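**Student:** Provided herewith: data32.txt, compact mmCIF, C-alpha atoms.
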```
# COMPACT_ATOMS: atom_id res chain seq x y z
CA MET A 23 -22.88 -75.39 146.83
CA SER A 24 -21.57 -74.86 143.28
CA GLU A 25 -22.81 -71.85 141.31
CA PRO A 26 -25.22 -72.49 138.41
CA LEU A 27 -23.59 -72.46 134.95
CA GLN A 28 -23.49 -68.91 133.55
CA ILE A 29 -23.42 -68.84 129.74
CA HIS A 30 -22.66 -65.74 127.67
CA ILE A 31 -24.61 -65.47 124.39
CA ALA A 32 -23.81 -63.36 121.31
CA ARG A 33 -25.57 -63.02 117.97
CA GLN A 34 -23.57 -61.68 115.02
CA THR A 35 -21.69 -58.72 116.54
CA VAL A 36 -23.97 -58.23 119.53
CA GLN A 37 -23.74 -59.72 123.01
CA LEU A 38 -27.23 -60.71 124.20
CA GLY A 39 -26.29 -61.26 127.85
CA VAL A 40 -25.54 -63.90 130.45
CA PHE A 41 -28.05 -66.70 130.99
CA SER A 42 -28.46 -69.97 132.87
CA ALA A 43 -28.59 -73.31 131.04
CA GLU A 44 -32.33 -73.58 131.81
CA GLU A 45 -33.04 -70.13 130.33
CA ILE A 46 -31.13 -71.04 127.17
CA ALA A 47 -32.91 -74.38 126.75
CA ALA A 48 -36.26 -72.61 127.14
CA GLY A 49 -35.09 -69.82 124.82
CA LEU A 50 -34.11 -72.28 122.11
CA ALA A 51 -37.52 -73.91 122.37
CA ASN A 52 -39.49 -70.65 122.13
CA GLY A 53 -37.29 -68.96 119.53
CA ARG A 54 -35.62 -66.40 121.79
CA PHE A 55 -32.26 -67.96 120.93
CA LEU A 56 -31.10 -69.54 117.68
CA PRO A 57 -28.86 -72.63 117.28
CA THR A 58 -26.46 -70.35 115.40
CA ASP A 59 -26.09 -67.95 118.36
CA LEU A 60 -22.59 -68.08 119.82
CA ALA A 61 -22.12 -69.16 123.43
CA TRP A 62 -19.24 -69.19 125.88
CA THR A 63 -18.82 -70.26 129.48
CA HIS A 64 -15.94 -70.24 131.93
CA GLY A 65 -13.13 -72.59 130.97
CA GLN A 66 -13.77 -72.63 127.23
CA ALA A 67 -11.12 -71.37 124.80
CA ALA A 68 -13.55 -70.01 122.18
CA TRP A 69 -17.21 -69.25 121.45
CA LYS A 70 -19.27 -72.11 119.96
CA PRO A 71 -22.71 -72.06 118.30
CA LEU A 72 -25.45 -73.23 120.67
CA GLY A 73 -26.33 -76.00 118.22
CA GLU A 74 -22.93 -77.61 118.93
CA TRP A 75 -23.43 -77.74 122.71
CA PRO A 76 -24.35 -81.33 123.72
CA GLN A 77 -26.75 -80.20 126.47
CA PHE A 78 -28.74 -78.04 124.01
CA ALA A 79 -28.66 -80.44 121.05
CA ALA A 80 -32.24 -81.60 121.55
CA ALA A 81 -33.65 -78.11 121.99
CA ALA A 82 -31.58 -76.77 119.09
CA HIS A 83 -33.25 -79.15 116.64
CA VAL A 84 -36.73 -77.80 117.38
CA PRO A 85 -37.83 -75.77 114.33
CA PRO A 86 -37.75 -72.05 115.22
CA SER A 87 -41.07 -70.49 116.08
CA PRO A 88 -42.35 -67.41 114.25
CA ALA A 89 -41.17 -65.36 117.24
CA ALA A 90 -37.55 -65.97 116.22
CA GLU A 91 -35.89 -62.97 114.62
CA PRO A 92 -35.41 -63.55 110.91
CA ASP A 93 -31.82 -63.12 109.77
CA VAL A 94 -32.47 -60.20 107.42
CA ALA A 95 -29.60 -59.05 105.21
CA SER A 96 -28.59 -55.43 105.69
CA LEU A 97 -30.08 -52.98 103.18
CA ILE A 98 -27.49 -50.29 103.99
CA PRO A 99 -25.25 -49.79 100.92
CA TRP A 100 -22.16 -49.21 103.11
CA GLU A 101 -22.62 -52.61 104.77
CA GLN A 102 -23.06 -54.32 101.40
CA GLY A 103 -19.76 -53.01 100.03
CA LYS A 104 -17.26 -50.23 100.72
CA SER A 105 -16.90 -47.67 97.94
CA LEU A 106 -17.43 -43.95 97.42
CA GLY A 107 -20.70 -44.79 95.66
CA SER A 108 -22.01 -46.81 98.61
CA PHE A 109 -20.82 -44.05 100.97
CA PHE A 110 -22.89 -41.35 99.26
CA ALA A 111 -25.83 -43.73 98.75
CA THR A 112 -25.80 -44.40 102.52
CA VAL A 113 -25.67 -40.68 103.33
CA LYS A 114 -28.58 -40.05 100.97
CA LEU A 115 -30.66 -42.85 102.48
CA ALA A 116 -29.84 -41.72 106.02
CA ILE A 117 -31.14 -38.23 105.22
CA LEU A 118 -34.15 -39.07 103.06
CA SER A 119 -35.42 -42.51 104.08
CA PRO A 120 -33.68 -43.87 107.17
CA ARG A 121 -36.63 -45.98 108.35
CA GLU A 122 -36.58 -48.33 105.38
CA THR A 123 -32.87 -49.08 105.50
CA LEU A 124 -31.13 -48.32 108.78
CA ALA A 125 -33.30 -50.67 110.85
CA THR A 126 -31.81 -53.60 108.92
CA GLY A 127 -28.18 -52.64 109.64
CA ARG A 128 -25.68 -54.84 111.50
CA PHE A 129 -23.80 -51.78 112.81
CA ALA A 130 -20.40 -53.32 113.39
CA PHE A 131 -18.04 -50.74 114.87
CA GLY A 132 -15.23 -51.16 112.30
CA ASP A 133 -17.52 -50.49 109.32
CA TRP A 134 -18.73 -47.20 110.73
CA LEU A 135 -15.37 -46.06 112.00
CA VAL A 136 -14.10 -46.21 108.41
CA PHE A 137 -17.28 -44.43 107.27
CA CYS A 138 -16.65 -41.64 109.79
CA TYR A 139 -13.01 -41.22 108.76
CA LEU A 140 -14.10 -40.96 105.13
CA ALA A 141 -16.70 -38.32 106.04
CA LEU A 142 -14.08 -36.33 107.94
CA ALA A 143 -11.59 -36.64 105.08
CA LEU A 144 -14.23 -35.17 102.77
CA THR A 145 -14.85 -32.24 105.12
CA LEU A 146 -11.16 -31.50 105.70
CA PRO A 147 -10.74 -29.51 102.44
CA PHE A 148 -13.59 -27.20 103.55
CA GLN A 149 -11.88 -26.60 106.89
CA LEU A 150 -8.44 -26.03 105.37
CA PHE A 151 -9.90 -23.71 102.73
CA ALA A 152 -11.64 -21.65 105.42
CA LEU A 153 -8.45 -21.53 107.48
CA PHE A 154 -6.17 -20.34 104.67
CA ALA A 155 -8.73 -18.15 102.88
CA PHE A 156 -10.25 -16.41 105.90
CA GLY A 157 -7.58 -16.85 108.61
CA SER A 158 -8.14 -16.98 112.34
CA ARG A 159 -11.49 -15.80 113.65
CA ASN A 160 -10.48 -15.35 117.27
CA HIS A 161 -11.14 -11.59 117.18
CA GLN A 162 -14.66 -12.10 115.84
CA VAL A 163 -15.40 -14.83 118.40
CA ALA A 164 -14.03 -12.60 121.16
CA GLY A 165 -16.28 -9.76 119.93
CA LEU A 166 -19.33 -11.99 120.21
CA MET A 167 -18.23 -13.22 123.64
CA SER A 168 -18.09 -9.58 124.79
CA GLN A 169 -21.63 -9.01 123.49
CA LEU A 170 -22.76 -12.05 125.50
CA GLY A 171 -21.40 -10.54 128.71
CA LEU A 172 -18.33 -12.76 128.71
CA ALA A 173 -15.83 -9.91 128.38
CA GLU A 174 -13.37 -11.56 130.77
CA VAL A 175 -13.19 -14.68 128.57
CA ALA A 176 -12.87 -12.50 125.45
CA GLN A 177 -9.95 -10.61 126.98
CA LYS A 178 -8.21 -13.86 127.88
CA MET A 179 -8.72 -15.11 124.31
CA LEU A 180 -7.19 -11.98 122.83
CA ALA A 181 -4.33 -12.01 125.33
CA SER A 182 -3.29 -15.52 124.23
CA PRO A 183 -0.74 -15.58 121.42
CA GLU A 184 -2.16 -16.57 118.01
CA PRO A 185 -0.70 -19.86 116.78
CA PRO A 186 0.70 -19.80 113.23
CA LEU A 187 -1.67 -21.02 110.51
CA TRP A 188 0.46 -24.06 109.72
CA ALA A 189 0.26 -25.16 113.38
CA THR A 190 -3.52 -24.81 113.28
CA ALA A 191 -3.64 -26.81 110.04
CA ILE A 192 -1.57 -29.62 111.59
CA GLY A 193 -3.85 -29.51 114.64
CA MET A 194 -6.84 -29.86 112.31
CA VAL A 195 -5.41 -32.95 110.63
CA ILE A 196 -4.59 -34.52 114.03
CA GLY A 197 -8.11 -33.60 115.11
CA VAL A 198 -9.48 -35.57 112.16
CA GLY A 199 -7.54 -38.60 113.43
CA LEU A 200 -8.95 -38.26 116.94
CA ALA A 201 -12.49 -37.07 116.17
CA PRO A 202 -14.15 -40.44 115.33
CA LEU A 203 -12.83 -41.88 118.60
CA VAL A 204 -14.32 -38.94 120.49
CA TYR A 205 -17.63 -39.42 118.65
CA ALA A 206 -17.46 -43.11 119.63
CA LEU A 207 -16.91 -42.11 123.25
CA SER A 208 -19.96 -39.85 123.07
CA GLY A 209 -21.81 -42.94 121.78
CA VAL A 210 -20.76 -44.76 124.97
CA PHE A 211 -22.29 -41.96 127.06
CA GLN A 212 -25.42 -42.09 124.89
CA SER A 213 -25.58 -45.85 125.47
CA LEU A 214 -25.23 -45.37 129.23
CA GLY A 215 -28.05 -42.82 129.11
CA MET A 216 -30.20 -45.30 127.19
CA LYS A 217 -29.47 -48.02 129.73
CA LEU A 218 -30.60 -45.72 132.56
CA PHE A 219 -33.99 -45.62 130.84
CA ARG A 220 -33.98 -49.39 130.16
CA MET A 221 -33.62 -49.11 126.40
CA THR A 222 -32.26 -52.31 124.94
CA SER A 223 -29.89 -51.26 122.15
CA THR A 224 -26.38 -52.67 122.67
CA LEU A 225 -23.26 -50.59 123.24
CA GLU A 226 -21.75 -51.60 119.88
CA ARG A 227 -24.87 -50.64 117.96
CA THR A 228 -25.30 -47.31 119.75
CA VAL A 229 -21.64 -46.38 119.21
CA ALA A 230 -21.81 -47.31 115.51
CA ALA A 231 -25.11 -45.44 115.12
CA THR A 232 -23.52 -42.37 116.73
CA LEU A 233 -20.66 -42.57 114.24
CA LEU A 234 -23.12 -42.74 111.33
CA ALA A 235 -25.35 -39.92 112.60
CA THR A 236 -22.36 -37.67 113.36
CA SER A 237 -20.81 -38.39 109.96
CA VAL A 238 -24.00 -37.32 108.20
CA LEU A 239 -24.17 -34.21 110.38
CA ILE A 240 -20.61 -33.05 109.68
CA LEU A 241 -21.02 -33.67 105.95
CA LEU A 242 -24.15 -31.53 105.87
CA ALA A 243 -22.55 -28.80 107.98
CA ALA A 244 -19.21 -28.72 106.09
CA PRO A 245 -20.29 -26.18 103.40
CA LEU A 246 -20.88 -23.65 106.21
CA GLN A 247 -17.10 -23.21 106.21
CA LEU A 248 -17.41 -21.50 102.82
CA LEU A 249 -19.29 -18.64 104.50
CA GLY A 250 -16.21 -17.78 106.54
CA PHE A 251 -15.82 -14.46 104.67
CA SER A 252 -18.57 -13.15 106.98
CA PHE A 253 -18.51 -14.55 110.49
CA LEU A 254 -21.95 -13.18 111.30
CA LEU A 255 -23.45 -14.71 108.15
CA GLN A 256 -21.83 -18.03 109.00
CA MET A 257 -23.15 -18.00 112.55
CA GLY A 258 -26.58 -16.90 111.35
CA VAL A 259 -26.90 -19.72 108.82
CA ALA A 260 -25.56 -22.21 111.41
CA PHE A 261 -28.26 -21.02 113.80
CA LEU A 262 -31.00 -21.35 111.19
CA THR A 263 -29.90 -24.86 110.15
CA PHE A 264 -29.53 -26.09 113.72
CA VAL A 265 -33.07 -27.48 113.97
CA PRO A 266 -33.19 -29.29 110.60
CA LEU A 267 -29.74 -30.77 111.19
CA SER A 268 -30.81 -31.91 114.65
CA ILE A 269 -33.87 -33.59 113.14
CA VAL A 270 -31.67 -35.50 110.68
CA TYR A 271 -29.22 -36.46 113.45
CA PHE A 272 -31.76 -37.75 115.96
CA ARG A 273 -33.86 -39.49 113.32
CA VAL A 274 -30.81 -41.44 112.14
CA LEU A 275 -29.75 -42.22 115.72
CA GLY A 276 -33.28 -43.29 116.69
CA VAL A 277 -33.88 -45.56 113.69
CA ALA A 278 -30.41 -47.13 113.86
CA THR A 279 -30.82 -47.99 117.56
CA GLY A 280 -34.47 -49.04 117.23
CA THR A 281 -35.68 -46.27 119.54
CA SER A 282 -37.63 -43.03 119.22
CA PRO A 283 -35.77 -39.95 117.92
CA TRP A 284 -37.43 -37.98 120.73
CA ALA A 285 -36.02 -40.41 123.28
CA GLN A 286 -32.57 -39.97 121.72
CA PHE A 287 -33.00 -36.19 121.84
CA GLY A 288 -33.95 -36.35 125.53
CA ILE A 289 -31.02 -38.61 126.38
CA SER A 290 -28.62 -36.37 124.44
CA CYS A 291 -29.87 -33.36 126.41
CA LEU A 292 -29.30 -35.28 129.64
CA VAL A 293 -25.81 -36.37 128.54
CA PHE A 294 -24.99 -32.79 127.45
CA PHE A 295 -26.14 -31.56 130.84
CA VAL A 296 -24.10 -34.12 132.74
CA LEU A 297 -21.02 -33.45 130.59
CA CYS A 298 -21.51 -29.68 130.83
CA CYS A 299 -21.63 -29.34 127.03
CA CYS A 300 -24.54 -26.94 127.44
CA CYS A 301 -22.06 -24.37 128.73
CA CYS A 302 -20.40 -24.27 125.32
CA LEU A 303 -23.46 -25.06 123.22
CA VAL A 304 -25.66 -22.32 124.68
CA PRO A 305 -23.19 -19.47 123.96
CA VAL A 306 -22.69 -20.84 120.44
CA MET A 307 -26.46 -20.87 119.91
CA LEU A 308 -26.78 -17.36 121.35
CA ALA A 309 -23.90 -16.18 119.16
CA GLY A 310 -25.64 -17.80 116.20
CA GLY A 311 -28.87 -16.01 117.09
CA LEU A 312 -27.02 -12.70 117.30
CA GLY A 313 -25.43 -13.47 113.96
CA ALA A 314 -28.82 -14.20 112.40
CA LEU A 315 -30.23 -10.94 113.78
CA ALA A 316 -27.23 -8.98 112.49
CA VAL A 317 -27.56 -10.56 109.04
CA ALA A 318 -31.29 -9.78 109.01
CA ALA A 319 -30.56 -6.17 110.03
CA HIS A 320 -28.21 -5.77 107.07
CA MET B 1152 -25.25 -60.35 139.57
CA LEU B 1153 -22.49 -58.06 138.47
CA ARG B 1154 -19.00 -59.42 137.96
CA LEU B 1155 -15.81 -59.05 136.00
CA VAL B 1156 -15.11 -62.06 133.78
CA ARG B 1157 -12.15 -62.96 131.60
CA ARG B 1158 -13.35 -64.41 128.32
CA PRO B 1159 -12.36 -64.58 124.65
CA ALA B 1160 -13.82 -62.03 122.24
CA TYR B 1161 -16.71 -63.15 120.06
CA PRO B 1162 -16.44 -62.57 116.29
CA GLY B 1163 -17.01 -58.91 115.46
CA GLU B 1164 -16.82 -57.71 119.07
CA LEU B 1165 -15.64 -54.14 119.56
CA ASN B 1166 -11.96 -54.16 120.48
CA HIS B 1167 -12.22 -52.30 123.78
CA GLU B 1168 -8.50 -52.86 124.47
CA LEU B 1169 -7.57 -50.87 121.36
CA VAL B 1170 -10.27 -48.26 120.80
CA TRP B 1171 -10.61 -46.75 124.28
CA PRO B 1172 -6.91 -46.50 125.20
CA LEU B 1173 -6.32 -44.70 121.89
CA THR B 1174 -9.24 -42.40 122.66
CA PHE B 1175 -8.05 -41.66 126.20
CA LEU B 1176 -4.46 -41.05 125.12
CA GLY B 1177 -5.61 -38.78 122.28
CA LEU B 1178 -7.96 -36.85 124.54
CA GLY B 1179 -5.27 -36.59 127.21
CA ALA B 1180 -2.80 -35.17 124.68
CA ALA B 1181 -5.42 -32.78 123.25
CA GLY B 1182 -6.40 -31.63 126.77
CA TRP B 1183 -2.78 -31.07 127.73
CA ALA B 1184 -2.17 -29.08 124.50
CA TRP B 1185 -5.29 -27.00 125.21
CA PHE B 1186 -4.06 -26.10 128.69
CA GLN B 1187 -0.70 -25.04 127.20
CA THR B 1188 -2.43 -22.44 125.01
CA GLY B 1189 -3.87 -20.66 128.04
CA TRP B 1190 -7.28 -20.43 126.34
CA GLN B 1191 -10.32 -20.48 128.58
CA LEU B 1192 -13.75 -22.01 128.22
CA PRO B 1193 -16.69 -19.73 128.97
CA GLY B 1194 -17.91 -19.92 132.56
CA CYS B 1195 -20.90 -22.12 133.38
CA LEU B 1196 -24.07 -20.32 132.33
CA PHE B 1197 -26.25 -22.64 134.42
CA MET B 1198 -24.30 -21.63 137.56
CA LYS B 1199 -24.35 -17.98 136.52
CA TRP B 1200 -28.11 -17.92 135.97
CA THR B 1201 -29.31 -20.21 138.79
CA GLY B 1202 -26.55 -20.02 141.39
CA TRP B 1203 -26.43 -23.84 141.45
CA PRO B 1204 -23.68 -25.92 139.85
CA CYS B 1205 -24.53 -28.09 136.86
CA LEU B 1206 -23.34 -31.69 136.88
CA GLY B 1207 -20.24 -30.79 134.87
CA CYS B 1208 -19.23 -27.75 136.94
CA GLY B 1209 -15.66 -27.98 138.12
CA GLY B 1210 -14.73 -30.51 135.44
CA THR B 1211 -12.32 -28.20 133.60
CA ARG B 1212 -10.72 -27.06 136.85
CA CYS B 1213 -10.39 -30.70 137.87
CA ALA B 1214 -8.72 -31.51 134.52
CA ARG B 1215 -6.36 -28.56 134.94
CA GLN B 1216 -5.32 -29.79 138.39
CA LEU B 1217 -4.88 -33.34 137.15
CA ALA B 1218 -2.73 -32.05 134.26
CA SER B 1219 -0.50 -30.33 136.82
CA LEU B 1220 -0.48 -33.56 138.90
CA ASP B 1221 -2.40 -32.08 141.86
CA PHE B 1222 -4.71 -35.08 142.23
CA ALA B 1223 -6.19 -34.16 145.62
CA GLN B 1224 -7.31 -30.71 144.45
CA GLY B 1225 -8.56 -32.22 141.18
CA PHE B 1226 -10.68 -34.68 143.17
CA ARG B 1227 -12.13 -31.86 145.24
CA PHE B 1228 -13.19 -29.88 142.18
CA HIS B 1229 -15.06 -32.79 140.55
CA PRO B 1230 -14.79 -36.21 142.26
CA LEU B 1231 -16.67 -38.05 139.53
CA PHE B 1232 -14.54 -36.64 136.71
CA ALA B 1233 -11.38 -37.48 138.66
CA LEU B 1234 -12.63 -41.05 139.15
CA LEU B 1235 -13.48 -41.32 135.44
CA VAL B 1236 -9.96 -40.19 134.54
CA LEU B 1237 -8.56 -42.70 137.02
CA GLY B 1238 -10.71 -45.43 135.44
CA ALA B 1239 -9.55 -44.43 131.96
CA ALA B 1240 -5.90 -44.51 133.10
CA LEU B 1241 -6.35 -47.93 134.70
CA TRP B 1242 -8.04 -49.32 131.58
CA THR B 1243 -5.25 -47.94 129.37
CA LEU B 1244 -2.66 -49.52 131.64
CA TRP B 1245 -4.53 -52.83 131.72
CA SER B 1246 -4.83 -52.79 127.92
CA ALA B 1247 -1.11 -52.16 127.55
CA VAL B 1248 -0.39 -55.19 129.75
CA TRP B 1249 -2.97 -57.20 127.80
CA TRP B 1250 -1.31 -56.33 124.48
CA LEU B 1251 2.16 -57.14 125.82
CA ARG B 1252 1.02 -60.51 127.16
CA ARG B 1253 -1.01 -61.29 123.99
CA ASP B 1254 -3.64 -62.69 126.31
CA PRO B 1255 -6.54 -64.42 124.48
CA LEU B 1256 -8.89 -63.63 127.38
CA ARG B 1257 -10.35 -60.14 127.74
CA LEU B 1258 -11.70 -58.46 130.85
CA ARG B 1259 -15.41 -57.73 130.60
CA LEU B 1260 -18.21 -56.67 132.93
CA ALA B 1261 -21.04 -59.21 132.90
CA ALA B 1262 -24.43 -58.36 134.33
CA ASP B 1263 -27.70 -60.22 134.50
CA GLU B 1264 -31.02 -58.40 134.96
CA ALA B 1265 -30.54 -57.85 138.71
CA GLY B 1266 -26.95 -56.70 138.17
CA ALA B 1267 -27.98 -54.23 135.47
CA ARG B 1268 -30.64 -52.84 137.84
CA ARG B 1269 -28.04 -52.44 140.59
CA LEU B 1270 -25.68 -50.75 138.13
CA ARG B 1271 -28.39 -48.27 137.03
CA ARG B 1272 -29.14 -47.37 140.64
CA GLY B 1273 -25.42 -47.08 141.36
CA VAL B 1274 -24.92 -44.62 138.48
CA LEU B 1275 -27.87 -42.48 139.61
CA VAL B 1276 -26.73 -42.46 143.26
CA THR B 1277 -23.17 -41.55 142.18
CA LEU B 1278 -24.45 -38.64 140.07
CA VAL B 1279 -26.56 -37.35 142.96
CA LEU B 1280 -23.75 -37.70 145.53
CA ASN B 1281 -21.34 -35.96 143.16
CA TRP B 1282 -23.78 -33.11 142.65
CA LEU B 1283 -24.32 -32.72 146.41
CA TRP B 1284 -20.55 -32.46 146.83
CA GLN B 1285 -20.40 -29.88 143.99
CA CYS B 1286 -23.10 -27.85 145.73
CA HIS B 1287 -21.13 -27.99 148.98
CA TYR B 1288 -17.67 -27.27 147.55
CA LEU B 1289 -18.22 -25.05 144.50
CA ARG B 1290 -20.77 -22.75 146.13
CA ALA B 1291 -18.63 -22.25 149.26
```
I'd like the structure from this file rewritten - as structure tokens, please.

**Tutor:**
Amino acid sequence: MSEPLQIHIARQTVQLGVFSAEEIAAGLANGRFLPTDLAWTHGQAAWKPLGEWPQFAAAAHVPPSPAAEPDVASLIPWEQGKSLGSFFATVKLAILSPRETLATGRFAFGDWLVFCYLALALTLPFQLFALFAFGSRNHQVAGLMSQLGLAEVAQKMLASPEPPLWATAIGMVIGVGLAPLVYALSGVFQSLGMKLFRMTSTLERTVAATLLATSVLILLAAPLQLLGFSFLLQMGVAFLTFVPLSIVYFRVLGVATGTSPWAQFGISCLVFFVLCCCCCLVPVMLAGGLGALAVAAH
Amino acid sequence: MLRLVRRPAYPGELNHELVWPLTFLGLGAAGWAWFQTGWQLPGCLFMKWTGWPCLGCGGTRCARQLASLDFAQGFRFHPLFALLVLGAALWTLWSAVWWLRRDPLRLRLAADEAGARRLRRGVLVTLVLNWLWQCHYLRA
């Protein structure tokens, strides 16, 4: 017996799934699918709009029901045009009023990869300034590690030879090249976490939303580098801004993926736990807390 | 149903054959450079406080072993991480072949509702099995 025809459907930049011919015919009639949705099945060289498939021609001419998703244009400035002005307008909207704008976004990966590189390029001067003005902070980090009962790690840190500043600077620039790809990979893990809980946002959208949310986060956190003259002050302020920055991050991620920010927070915690990030994040938070206490004591 | 299909990309589709190999190669190079410095990550606080491994425990040791090409020991430290690295290496290799052949068809995982359900269960079972192994091996 031959297998039923399996047809892949995509709308704009998002794959909707694999469906049978009967499901698609019914979907066209009830507005689940649009005649402009792209479709592909085994043996075809390219994707074709459903309206051009002979077997769906009749169903495709039925006027769409109100249940059909309206094709709303994106209200995100960055998706309307790429410029420094639209970049900062997008950052401002993401922080102050994400609900009104981000839900309308297309979230194509390429758009937000460029956005993330631009955000990193803007933060690079802060990092380089901190590096050349304040130098390496390994001794201060090692001191805090010792206070946290991680003396063995601190000793190993201090025993390692210090790389020259120029090597660190080159490493930083290479890191800027790699960072958006790593953020994108974290978006894949976030998407897997969402799928475990049956959330419907697509991989592309979740990855792009992660790039946007992370870009906003690193832009907001970049000025912390200017506090490098006092490591404790820097850690203290980082600790105090952790909660507001997290609110901004998860609100952006939630709105952009059409889910609750709390759900995104929970999934991130799960992903952090699975990836063992908590082992680095918790000492940083404790170090930040110690820094805040030390600053308060002064 | 869960199956691998070869199909053309739809307009605007994420270029998985470009983005992820670049990411894996970059992460591999960064990881290798990190191991050359001799710097250490702090030990697992979850393990220290509870006596039980967290799901990531053994991951760095696994990466260290893989970087020194001791695959068997790497697998013992964290089977899931070793399998993920193997998957990443295979995808990078496949992508390289795909680019060289200039193939219009791309390899994709297609899942209907039942397949997605099976995949979810598979991921959960794998995480649990991996953790049971970590409990057995890392606490010994």

**Student:** So, with all atoms listed in the file as the atoms that count, which of B:Cys1208, B:Gly1194, B:Phe1222, B:Arg1290 lies closest to Ala173 (chain A)?

**Tutor:** B:Gly1194

**Student:** Work out how far CA of Ser1246 (chain B) is from CA of Ala1180 (chain B), in Å to one decimal.

**Tutor:**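 Result for CA of Ala1180 (chain B) versus CA of Ser1246 (chain B): 18.0 Å, one decimal.
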
**Student:** Per residue of chain B within 9 Å of chain A, which atom pair is closest and at what distance in Å (one decimal), using all atoms listed in the file, listed by chain and increasing number, as JSON lines?

**Tutor:**
```
{"residue": "B:Val1156", "atom": "CA", "partner": "A:His64", "partner_atom": "CA", "distance": 8.4}
{"residue": "B:Arg1157", "atom": "CA", "partner": "A:His64", "partner_atom": "CA", "distance": 8.2}
{"residue": "B:Arg1158", "atom": "CA", "partner": "A:His64", "partner_atom": "CA", "distance": 7.3}
{"residue": "B:Pro1159", "atom": "CA", "partner": "A:Ala68", "partner_atom": "CA", "distance": 6.1}
{"residue": "B:Ala1160", "atom": "CA", "partner": "A:Ala68", "partner_atom": "CA", "distance": 8.0}
{"residue": "B:Tyr1161", "atom": "CA", "partner": "A:Trp69", "partner_atom": "CA", "distance": 6.3}
{"residue": "B:Pro1162", "atom": "CA", "partner": "A:Thr35", "partner_atom": "CA", "distance": 6.5}
{"residue": "B:Gly1163", "atom": "CA", "partner": "A:Thr35", "partner_atom": "CA", "distance": 4.8}
{"residue": "B:Glu1164", "atom": "CA", "partner": "A:Thr35", "partner_atom": "CA", "distance": 5.6}
{"residue": "B:Leu1165", "atom": "CA", "partner": "A:Phe131", "partner_atom": "CA", "distance": 6.3}
{"residue": "B:Asn1166", "atom": "CA", "partner": "A:Phe131", "partner_atom": "CA", "distance": 9.0}
{"residue": "B:Val1170", "atom": "CA", "partner": "A:Leu203", "partner_atom": "CA", "distance": 7.2}
{"residue": "B:Trp1171", "atom": "CA", "partner": "A:Leu203", "partner_atom": "CA", "distance": 7.8}
{"residue": "B:Leu1173", "atom": "CA", "partner": "A:Leu203", "partner_atom": "CA", "distance": 7.8}
{"residue": "B:Thr1174", "atom": "CA", "partner": "A:Leu203", "partner_atom": "CA", "distance": 5.4}
{"residue": "B:Phe1175", "atom": "CA", "partner": "A:Val204", "partner_atom": "CA", "distance": 8.9}
{"residue": "B:Gly1177", "atom": "CA", "partner": "A:Leu200", "partner_atom": "CA", "distance": 6.3}
{"residue": "B:Leu1178", "atom": "CA", "partner": "A:Leu200", "partner_atom": "CA", "distance": 7.8}
{"residue": "B:Ala1181", "atom": "CA", "partner": "A:Gly197", "partner_atom": "CA", "distance": 8.6}
{"residue": "B:Thr1188", "atom": "CA", "partner": "A:Ser182", "partner_atom": "CA", "distance": 7.0}
{"residue": "B:Gly1189", "atom": "CA", "partner": "A:Ser182", "partner_atom": "CA", "distance": 6.4}
{"residue": "B:Trp1190", "atom": "CA", "partner": "A:Met179", "partner_atom": "CA", "distance": 5.9}
{"residue": "B:Gln1191", "atom": "CA", "partner": "A:Val175", "partner_atom": "CA", "distance": 6.5}
{"residue": "B:Leu1192", "atom": "CA", "partner": "A:Val175", "partner_atom": "CA", "distance": 7.4}
{"residue": "B:Pro1193", "atom": "CA", "partner": "A:Val175", "partner_atom": "CA", "distance": 6.2}
{"residue": "B:Gly1194", "atom": "CA", "partner": "A:Cys301", "partner_atom": "CA", "distance": 7.2}
{"residue": "B:Cys1195", "atom": "CA", "partner": "A:Cys301", "partner_atom": "CA", "distance": 5.3}
{"residue": "B:Leu1196", "atom": "CA", "partner": "A:Cys301", "partner_atom": "CA", "distance": 5.8}
{"residue": "B:Phe1197", "atom": "CA", "partner": "A:Cys301", "partner_atom": "CA", "distance": 7.3}
{"residue": "B:Cys1205", "atom": "CA", "partner": "A:Cys298", "partner_atom": "CA", "distance": 6.9}
{"residue": "B:Leu1206", "atom": "CA", "partner": "A:Val296", "partner_atom": "CA", "distance": 4.9}
{"residue": "B:Gly1207", "atom": "CA", "partner": "A:Cys298", "partner_atom": "CA", "distance": 4.4}
{"residue": "B:Cys1208", "atom": "CA", "partner": "A:Cys298", "partner_atom": "CA", "distance": 6.8}
{"residue": "B:Gly1210", "atom": "CA", "partner": "A:Cys298", "partner_atom": "CA", "distance": 8.2}
{"residue": "B:Pro1255", "atom": "CA", "partner": "A:Ala67", "partner_atom": "CA", "distance": 8.3}
{"residue": "B:Leu1256", "atom": "CA", "partner": "A:Ala67", "partner_atom": "CA", "distance": 8.5}
{"residue": "B:Ala1261", "atom": "CA", "partner": "A:Val40", "partner_atom": "CA", "distance": 6.9}
{"residue": "B:Ala1262", "atom": "CA", "partner": "A:Val40", "partner_atom": "CA", "distance": 6.9}
{"residue": "B:Asp1263", "atom": "CA", "partner": "A:Val40", "partner_atom": "CA", "distance": 5.9}
{"residue": "B:Glu1264", "atom": "CA", "partner": "A:Val40", "partner_atom": "CA", "distance": 9.0}
{"residue": "B:Ala1267", "atom": "CA", "partner": "A:Lys217", "partner_atom": "CA", "distance": 8.6}
{"residue": "B:Arg1268", "atom": "CA", "partner": "A:Leu218", "partner_atom": "CA", "distance": 8.9}
{"residue": "B:Leu1270", "atom": "CA", "partner": "A:Leu218", "partner_atom": "CA", "distance": 9.0}
{"residue": "B:Arg1271", "atom": "CA", "partner": "A:Leu218", "partner_atom": "CA", "distance": 5.6}
{"residue": "B:Arg1272", "atom": "CA", "partner": "A:Leu218", "partner_atom": "CA", "distance": 8.4}
{"residue": "B:Val1274", "atom": "CA", "partner": "A:Leu218", "partner_atom": "CA", "distance": 8.3}
{"residue": "B:Leu1275", "atom": "CA", "partner": "A:Leu218", "partner_atom": "CA", "distance": 8.2}
{"residue": "B:Leu1278", "atom": "CA", "partner": "A:Val296", "partner_atom": "CA", "distance": 8.6}
```
